[in-house]
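Here is the structure we will look at, set down as structure tokens.
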Amino acid sequence: MANRSWHLDRRSFLRGLGVTLTLPYLEAMGDTTPAVADASARKRLCCLYFPNGCGIPNREKDAAAHSQWSWFPLGEGSDYEFTNTLSVLADHRQEMSILGELSHPRSRELLGHIAGDSWLTGGDVSGSNYRNNISIDQVAARKLGENTRYPSLTLSVDGGVGYQSRVSTLSFDDSGKPIPAEHRHRAIFERYFSPAGGNTTRERQAQLQRGRRIVDLVLEDSRRLSRQLGTTDRRKLDEFLASLNRVEQQIQRNEKWLKTPHPHVSADHIDFEVDATRNPDTYIRSMLDIMVLGLQTDMTRVMTYMLGREDGIGFADHFPKLACGIKRGHHSISHSTEWENWSNYDRWLASHCGYFLERLKTVNDEFGPLLDNTLVLFGSACSTTHNARNYPLVLAGGKNLGVNHGSYRIYGNQIPMTNLFVSMLNAIGVTTTRYSDSTGTLPGTLFS
């Protein structure tokens with residue numbers, strides 16, 4: 001910094017009519033040499049959930065189906081082999097670990113749909129004894145949210161809280177009460193740019209009605225700033241604005257889709273014709289892009305995203321038809337032995353995890369790729385046919401957080417999943433000795 005004549009504050013903005021846009025990290029904000037495994041690096045946590053479990057054909061009864069269509073890979077350790085399902089994550093093999101036989105002891109005898117309420121809590125959600133507790137993301141948000149605009153972001157495909165045993169959110173507060181999830185892309189997107197702290201200004205509303213985009217409104221200020229930046233920073237700024245523009249364009253397409261009324265007929269007879277504005281791939285990925293932008297601008301460091309509700313409730317049950325051409329709904333698939341269909345849909349869900357990881361690998365802050373200081377947990381609260389044991393889980397990221405990836409690790413039913421949570425919290429700098437029903441940290445060498 002000594003040989004610079006000027007520098008930008010780390011909380012710099014671009015401004016336009018009724019718009020304030022937080023900038024990502026630029027070299028002009030600090031040292032030009034990225035730090036590696038620096039203790040001051042921003043540590044982050046993201047959790048992605050899919051409902052209804054996954055396909056796991058019985059190995060003894062149908063070995064051929066198991067070897068091709070099982071969610072879990074073949075073998076163990078670093079030499080495991082992907083089946084059809086998770087092969088879509090092969091490019092991220094060295095940045096992720098597949099975890100087997102972990103679950104929450106207090107949910108193991110429950111119907112898997114009910115266990116979804118406890119995926120991030122480990123709470124007791126059985127019948128009249130329903131006593132949920134704070135979710136791991138909210139524990140992390142207490143610490144990691146001290147220096148961000150928002151402590152956390154709770155997202156889902158359907159939004160709201162749902163109802164007890166069939167929630168539509170992953171996050172629970174200190175009292176174990178569900179935190180409403182947000183699902184409207186435009187409302188979430190506008191949070192980045194409202195100087196009123198989340199409320200869309202009158203000026204912005206007027207510009208929206210004229211079809212003006214965020215990038216249009218900050219164009220003059222970005223040109224002014226660009227003239228003061230070096231070559232690398234100009235490229236970063238252009239990439240950021242291009243990404244921002246792409247997300248907003250997709251949101252506009254999504255809004256056209258969401259405004260299209262559904263026919264007033266039985267869901268069994270709805271004609272789900274897929275076109276550019278009715279594509280769940282882009283619907284989900286635009287939310288993932290928003291999440292990346294939130295981490296990139298340090299709006300928050302803690303996020304959860306629920307990719308659908310349990311038990312066939314909500315819009316996501318139609319995704320198999322829309323995305324994969326499968327005639328059954330997701331919940332119906334989970335009651336079948338149509339292993340190829342189930343595997344192909346599980347693969348589609350995993351592809352979104354892969355997309356998210358790829359975006360985090362290619363977007364940098366001053367400490368390198370976002371993924372290196374971010375833990376990403378992807379999974380469900382039951383395995384095949386509603387069995388609330390052996391949760392399908394992928395843990396990714398955290399290269400600079402002491403996480404050792406590249407293996408399929410099987411832990412055994414005696415280890416509660418909350419031991420994983422204790423280790424995860426400590427890895428992201430939230431010192432923890434006990435969480436929910438944990439008995440310690442996760443054994444083995446996954447965490448240094």
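Ordered as shown in the structure tokens, chains take letters A, B, and onward, while each chain numbers its residues from 1 and ligands are numbered from 1 in the order shown.
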
Practice problem: Please provide the set of residues having any atom within 9 Å of Asp298 of chain A, restricted to only C-alpha atoms, with same-chain residues fewer than 3 positions apart removed, written as an MDAnalysis selection string. | Solution: chainID A and resid 22 24:25 42 147:149 293:295 301

Go through segment 13-127 of chain A and flag each residue having an atom no more than 8 Å from segment 168-182 of chain A; for those, report the closest pair of atoms plus their distance in Å to one decimal, using only C-alpha atoms, ordered by chain and rising number, as a Markdown table.
| residue | atom | partner | partner_atom | distance |
| --- | --- | --- | --- | --- |
| A:Tyr49 | CA | A:Leu170 | CA | 7.9 |
| A:Asp117 | CA | A:Leu170 | CA | 7.2 |
| A:Trp119 | CA | A:Leu170 | CA | 7.4 |
| A:Leu120 | CA | A:Leu170 | CA | 6.6 |
| A:Thr121 | CA | A:Phe172 | CA | 7.7 |

Exercise. May I have the residues within 12 Å of Gly116 of chain A as a ChimeraX atom specification, using only C-alpha atoms and disregarding those fewer than 3 positions away in the same chain?
Key: /A:49-53,103-104,107-108,110-113,119-126,132,162-171,306,308-311,379-383,386-389,391

Write the residues you've just listed into a file as a CSV table (one decimal), in the first residue's frame, and include N, CA and C atoms for each of them.
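Dumped everything to selection-v3.csv:
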chain,number,residue,atom,x,y,z
A,49,TYR,N,-30.1,-28.4,0.7
A,49,TYR,CA,-30.9,-29.6,1.1
A,49,TYR,C,-31.9,-30.0,0.0
A,50,PHE,N,-32.0,-31.4,-0.2
A,50,PHE,CA,-33.0,-31.9,-1.1
A,50,PHE,C,-33.9,-32.8,-0.4
A,51,PRO,N,-35.2,-32.9,-0.7
A,51,PRO,CA,-36.1,-33.7,0.1
A,51,PRO,C,-36.2,-35.2,-0.4
A,52,ASN,N,-37.0,-36.0,0.4
A,52,ASN,CA,-37.4,-37.3,-0.1
A,52,ASN,C,-36.3,-38.4,-0.2
A,53,GLY,N,-35.1,-38.1,0.3
A,53,GLY,CA,-34.0,-39.0,0.3
A,53,GLY,C,-33.5,-39.3,-1.1
A,103,SER,N,-26.3,-39.8,10.8
A,103,SER,CA,-27.7,-39.4,10.9
A,103,SER,C,-27.9,-38.9,12.3
A,104,HIS,N,-29.1,-38.4,12.6
A,104,HIS,CA,-29.4,-37.9,14.0
A,104,HIS,C,-30.1,-39.0,14.8
A,107,SER,N,-33.8,-38.9,15.4
A,107,SER,CA,-34.7,-39.0,14.3
A,107,SER,C,-34.7,-40.3,13.6
A,108,ARG,N,-33.8,-41.3,14.0
A,108,ARG,CA,-33.6,-42.5,13.3
A,108,ARG,C,-34.9,-43.4,13.1
A,110,LEU,N,-37.9,-42.1,13.0
A,110,LEU,CA,-39.0,-41.3,12.4
A,110,LEU,C,-39.1,-41.6,10.9
A,111,LEU,N,-40.3,-41.3,10.4
A,111,LEU,CA,-40.5,-41.2,8.9
A,111,LEU,C,-39.5,-40.1,8.4
A,112,GLY,N,-38.8,-40.4,7.3
A,112,GLY,CA,-37.8,-39.5,6.8
A,112,GLY,C,-38.3,-38.1,6.6
A,113,HIS,N,-39.6,-37.9,6.2
A,113,HIS,CA,-40.2,-36.6,5.9
A,113,HIS,C,-40.1,-35.7,7.2
A,119,TRP,N,-32.7,-31.6,10.1
A,119,TRP,CA,-31.5,-31.9,9.4
A,119,TRP,C,-30.4,-31.0,9.9
A,120,LEU,N,-30.6,-29.7,10.1
A,120,LEU,CA,-29.5,-28.8,10.6
A,120,LEU,C,-29.6,-28.6,12.1
A,121,THR,N,-30.5,-29.3,12.8
A,121,THR,CA,-30.6,-29.1,14.3
A,121,THR,C,-30.3,-30.3,15.2
A,122,GLY,N,-30.6,-31.5,14.7
A,122,GLY,CA,-30.4,-32.6,15.5
A,122,GLY,C,-31.4,-32.7,16.7
A,123,GLY,N,-32.5,-31.9,16.6
A,123,GLY,CA,-33.5,-31.8,17.7
A,123,GLY,C,-34.4,-33.0,17.7
A,124,ASP,N,-35.2,-33.0,18.7
A,124,ASP,CA,-36.2,-34.0,18.9
A,124,ASP,C,-37.5,-33.5,18.3
A,125,VAL,N,-37.9,-34.0,17.2
A,125,VAL,CA,-39.1,-33.6,16.5
A,125,VAL,C,-40.2,-34.7,16.4
A,126,SER,N,-40.1,-35.6,17.3
A,126,SER,CA,-41.0,-36.7,17.3
A,126,SER,C,-42.4,-36.3,17.9
A,132,ASN,N,-37.6,-28.8,18.8
A,132,ASN,CA,-36.5,-28.5,17.9
A,132,ASN,C,-35.6,-27.5,18.6
A,162,GLY,N,-43.7,-23.4,6.2
A,162,GLY,CA,-44.4,-24.6,6.1
A,162,GLY,C,-45.2,-24.9,7.4
A,163,TYR,N,-45.1,-26.2,7.8
A,163,TYR,CA,-45.8,-26.5,9.1
A,163,TYR,C,-45.0,-27.6,9.8
A,164,GLN,N,-45.2,-27.8,11.1
A,164,GLN,CA,-44.5,-28.8,11.8
A,164,GLN,C,-44.5,-30.1,11.2
A,165,SER,N,-43.3,-30.7,11.0
A,165,SER,CA,-43.0,-32.0,10.4
A,165,SER,C,-42.9,-31.9,8.9
A,166,ARG,N,-43.3,-30.8,8.3
A,166,ARG,CA,-43.2,-30.6,6.8
A,166,ARG,C,-42.8,-29.1,6.6
A,167,VAL,N,-41.6,-28.7,7.2
A,167,VAL,CA,-41.2,-27.3,7.1
A,167,VAL,C,-40.7,-27.0,5.7
A,168,SER,N,-40.7,-25.7,5.4
A,168,SER,CA,-40.2,-25.2,4.1
A,168,SER,C,-39.0,-24.3,4.3
A,169,THR,N,-38.3,-24.6,5.4
A,169,THR,CA,-37.1,-23.8,5.8
A,169,THR,C,-36.1,-24.7,6.5
A,170,LEU,N,-34.8,-24.4,6.4
A,170,LEU,CA,-33.8,-25.2,7.0
A,170,LEU,C,-33.4,-24.6,8.4
A,171,SER,N,-33.7,-23.3,8.6
A,171,SER,CA,-33.2,-22.5,9.7
A,171,SER,C,-34.1,-22.4,10.8
A,306,MET,N,-33.1,-24.6,0.6
A,306,MET,CA,-33.9,-25.8,0.5
A,306,MET,C,-34.5,-26.0,-0.9
A,308,GLY,N,-36.5,-28.0,-2.1
A,308,GLY,CA,-37.9,-28.6,-2.2
A,308,GLY,C,-38.3,-29.1,-0.8
A,309,ARG,N,-39.7,-29.2,-0.7
A,309,ARG,CA,-40.3,-29.6,0.6
A,309,ARG,C,-40.5,-31.1,0.6
A,310,GLU,N,-40.6,-31.7,1.8
A,310,GLU,CA,-40.8,-33.1,1.9
A,310,GLU,C,-42.2,-33.5,1.5
A,311,ASP,N,-42.4,-34.8,1.2
A,311,ASP,CA,-43.7,-35.5,1.0
A,311,ASP,C,-44.5,-35.0,-0.2
A,379,GLY,N,-27.1,-32.3,1.0
A,379,GLY,CA,-27.6,-33.6,1.4
A,379,GLY,C,-29.1,-33.6,1.7
A,380,SER,N,-29.6,-34.7,2.4
A,380,SER,CA,-31.0,-34.9,2.7
A,380,SER,C,-31.0,-35.6,4.1
A,381,ALA,N,-32.3,-35.7,4.6
A,381,ALA,CA,-32.5,-36.2,6.0
A,381,ALA,C,-32.9,-37.6,6.0
A,382,CYS,N,-32.9,-38.3,4.9
A,382,CYS,CA,-33.2,-39.7,4.9
A,382,CYS,C,-32.5,-40.3,3.6
A,383,SER,N,-32.4,-41.7,3.7
A,383,SER,CA,-31.8,-42.4,2.6
A,383,SER,C,-32.9,-42.9,1.7
A,386,HIS,N,-37.6,-43.2,2.7
A,386,HIS,CA,-37.9,-42.6,3.9
A,386,HIS,C,-37.2,-43.1,5.2
A,387,ASN,N,-36.1,-43.8,5.0
A,387,ASN,CA,-35.3,-44.3,6.1
A,387,ASN,C,-34.5,-43.2,6.6
A,388,ALA,N,-34.7,-42.8,7.9
A,388,ALA,CA,-34.0,-41.6,8.4
A,388,ALA,C,-32.7,-42.0,9.0
A,389,ARG,N,-31.9,-42.8,8.3
A,389,ARG,CA,-30.6,-43.2,8.6
A,389,ARG,C,-29.7,-43.1,7.4
A,391,TYR,N,-27.8,-40.7,6.1
A,391,TYR,CA,-28.1,-39.6,5.3
A,391,TYR,C,-27.1,-39.4,4.1

Quiz item: Where in segment 351-393 of chain A does DSSP assign strand (DSSP E or B), given as a ChimeraX atom specification?
Solution: /A:364-365,368-369,374-379,387,393

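Closest to Tyr408 of chain A among A:Thr439, A:Ser156, A:Thr431, A:Gln94 is A:Gln94, based on only C-alpha atoms.
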
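The spacing separating atom CA of Leu393 of chain A from atom CA of Leu99 of chain A amounts to 5.3 Å.
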
Quiz prompt | 12 Å contact set for Ile333 of chain A, only C-alpha atoms, chain neighbours under 2 positions out, as an NGL selection string | solution = :A and (51-55 or 311-312 or 317-321 or 326-331 or 335-346 or 384-386)

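Among the candidates A:Ala427, A:Leu370, A:Cys353, A:Leu219, the residue lying nearest to Leu237 of chain A is A:Leu219 (atoms considered: only C-alpha atoms).
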
Exercise. Output as number ranges by chain all residues of segment 243-401 of chain A that backbone DSSP marks as helix (DSSP H, G or I).
Key: A: 243-258, 267-269, 280-296, 310-312, 315-324, 330-333, 339-362, 370-373, 384-386, 399-401

Quiz item: Can you list, as a count of residues only, every protein, DNA or RNA residue that comes within 7 Å of Ile56 of chain A when you count only C-alpha atoms, leaving out same-chain residues fewer than 3 positions away?
Solution: 4

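With only C-alpha atoms as the atoms that count, the minimum distance from Val376 of chain A to the choices A:Asp79, A:Cys47, A:Ala187, A:Ile415 is reached by A:Cys47.
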
Quiz item: Leaving out Leu446 of chain A and any residue of its chain fewer than 2 positions from it, which residues lie within 7 Å of it when counting only C-alpha atoms, given as number ranges by chain?
Solution: A: 403-405, 444, 448

Restricting the output to C-alpha atoms, write the selected residues as an mmCIF file, in the first residue's frame.
data_model
loop_
_atom_site.group_PDB
_atom_site.id
_atom_site.type_symbol
_atom_site.label_atom_id
_atom_site.label_comp_id
_atom_site.auth_asym_id
_atom_site.auth_seq_id
_atom_site.Cartn_x
_atom_site.Cartn_y
_atom_site.Cartn_z
ATOM 1 C CA VAL A 403 -10.510 -29.924 5.687
ATOM 2 C CA ASN A 404 -8.957 -32.929 3.939
ATOM 3 C CA HIS A 405 -11.072 -33.978 0.965
ATOM 4 C CA GLY A 444 -10.853 -39.463 11.719
ATOM 5 C CA SER A 448 -7.093 -31.401 10.675
#

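Nearest residue to Ala90 of chain A, choosing from A:Glu109, A:Arg44, A:Phe367, A:Pro73 and counting only C-alpha atoms: A:Pro73.
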
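Contact shell of segment 226-231 of chain A at 10 Å (only C-alpha atoms; same-chain neighbours under 4 positions omitted): Trp6, His7, Leu8, Leu26, Glu27, Ala28, Glu220, Asp221, Ser222, Arg235, Lys236, Leu237 and Asp238 of chain A.
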
Please save C-alpha atoms of the selected residues as a short mmCIF file (atom, residue, chain, number, x, y, z; two decimals), in the first residue's frame.
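What ended up in part00.cif:
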data_model
loop_
_atom_site.label_atom_id
_atom_site.label_comp_id
_atom_site.auth_asym_id
_atom_site.auth_seq_id
_atom_site.Cartn_x
_atom_site.Cartn_y
_atom_site.Cartn_z
CA TRP A 6 -4.98 6.16 -3.36
CA HIS A 7 -7.03 3.13 -2.43
CA LEU A 8 -10.66 2.13 -2.06
CA LEU A 26 -10.69 -5.28 -5.76
CA GLU A 27 -6.92 -5.03 -5.52
CA ALA A 28 -7.32 -1.29 -4.97
CA GLU A 220 -22.06 6.05 -15.19
CA ASP A 221 -20.58 5.51 -11.74
CA SER A 222 -18.89 2.28 -12.89
CA ARG A 235 -11.45 -6.80 -15.57
CA LYS A 236 -12.83 -7.87 -12.17
CA LEU A 237 -15.34 -5.03 -12.21
CA ASP A 238 -16.47 -5.90 -15.74
#

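Considering the residues A:Val218, A:Ala65, A:Leu144, A:Leu395 and counting only C-alpha atoms, Ser423 of chain A has its shortest atom-to-atom contact with A:Leu395.
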
Quiz item: How many Å separate atom CA of Leu377 of chain A from atom CA of Glu239 of chain A?
Solution: 27.1 Å

Practice problem: One decimal, Å: what's the distance from atom CA of Arg15 of chain A over to atom CA of Val363 of chain A, could you say? | Solution: 22.8 Å
